[in-house]
Amino acid sequence: GGLPYHDPLRCQASGQEIKEKMMGRNGFSQSEATVLIGAHTIGEIRGTFPGLQAPWVYNGRDNYTPEGPMFDNEFFRYIIHEPIESNVFDFSSNFQPFETDFSTWFRDDDFNGTPLNHLDTDVVLAFPPHPAGAYPDYSVDSSAFSVDNDLFLKAFFAALDKMSKLGVTVPLFPATPECACGEIDESDFDEVLNATGIDLPPLLEAIGQAEADAEETKKKIHAEFRQDIVRLTVSVEEAKRMLELAEKAEAGVIDAEK
């Protein structure tokens with residue numbers, strides 16, 4: 001048996017891991033760290049627990065809709081409203097809706113016919129900190145997101161934009177404004193190029209040369225592996241015929257043989 005969830009070495013470690021990694025190291029606020037973990041509303045815990053692969057929430061399954069999972073606030077709705085208990089200590093002895101405690105994660109064996117997995121760092125978002133003050137109270141934000149999908153989506157994509165720029169040390173060009181006339185003419189390109197200091201003719205020449213080099217490299221690679229590819233995909237007799245034709249083509253003496 002592992003540690004009960006209320007044990008500081010387990011529960012407190014989960015809360016502090018979020019604080020240290022997401023808030024301390026990456027500079028996210030409490031709310032930003034919480035909402036980004038809400039990305040678990042889609043996808044599955046796949047290779048971590050062999051034989052026990054499962055999503056975090058029901059509509060996060062790959063086949064929930066014909067287009068795939070649904071991205072919404074279901075992760076927060078589940079962790080806030082499905083547990084019976086409202087604090088870490090009581091949850092440790094009655095961890096419904098989960099049937100199994102694996103000492104670092106929990107499993108709901110049957111939610112609408114689908115098993116669900118939640119890590120300790122997921123569950124810690126659902127309750128006030130234990131011990132009090134040991135880490136931020138993520139449950140405040142989790143509760144707000146659980147009842148307001150628009151709030152969740154707005155906060156998530158704002159935090160995602162911030163995360164996408166972590167480590168960027170060069171100025172980012174602002175988006176090119178839309179042309180008022182609805183169409184882009186040569187003067188629009190000239191304005192952009194002048195603003196960035198790009199000389200167009202040499203750039204186009206370099207792009208053309210790069211495309212030509214890439215095509216030549218592709219031909220060389222195909223030639224190097226032609227025999228292997230042919231042998232793996234056709235019969236021995238057909239392979240011999242195709243290789244003979246290829247050799248004739250390269251020598252410039254190919255005939256009308258089919």
# chains A, B, ... in the order shown; residues from 1 in each chain; ligands from 1
$ closest_atom_pairs --of "range 7-93 of chain A" --to "range 109-116 of chain A" --cutoff "9 Å" --atoms "only C-alpha atoms" --output "JSON lines"
{"residue": "A:Glu44", "atom": "CA", "partner": "A:Leu116", "partner_atom": "CA", "distance": 8.8}
{"residue": "A:Leu52", "atom": "CA", "partner": "A:Pro115", "partner_atom": "CA", "distance": 8.6}
{"residue": "A:Gln53", "atom": "CA", "partner": "A:Leu116", "partner_atom": "CA", "distance": 8.6}
{"residue": "A:Ala54", "atom": "CA", "partner": "A:Leu116", "partner_atom": "CA", "distance": 5.4}
{"residue": "A:Pro55", "atom": "CA", "partner": "A:Leu116", "partner_atom": "CA", "distance": 5.4}
{"residue": "A:Trp56", "atom": "CA", "partner": "A:Leu116", "partner_atom": "CA", "distance": 5.2}
{"residue": "A:Val57", "atom": "CA", "partner": "A:Leu116", "partner_atom": "CA", "distance": 6.1}
{"residue": "A:Tyr58", "atom": "CA", "partner": "A:Thr114", "partner_atom": "CA", "distance": 6.7}
$ residues_around --residues "range 15-18 of chain A" --least-positions-apart "6" --cutoff "12 Å" --atoms "only C-alpha atoms" --output "NGL selection string"
:A and (5-6 or 8-9 or 24-37 or 88 or 119-139)
$ atom_distance --atom1 "CA of Asn63 in chain A" --atom2 "CA of Gly51 in chain A"
18.8 Å
$ atom_distance --atom1 "CA of Asn73 in chain A" --atom2 "CA of Ser92 in chain A"
24.9 Å
$ residues_around --residues "Phe152 in chain A" --least-positions-apart "5" --cutoff "9 Å" --atoms "only C-alpha atoms" --output "ChimeraX atom specification"
/A:35,38,72-73,144-147,157
$ atom_distance --atom1 "CA of Asp101 in chain A" --atom2 "CA of Arg46 in chain A"
17.9 Å
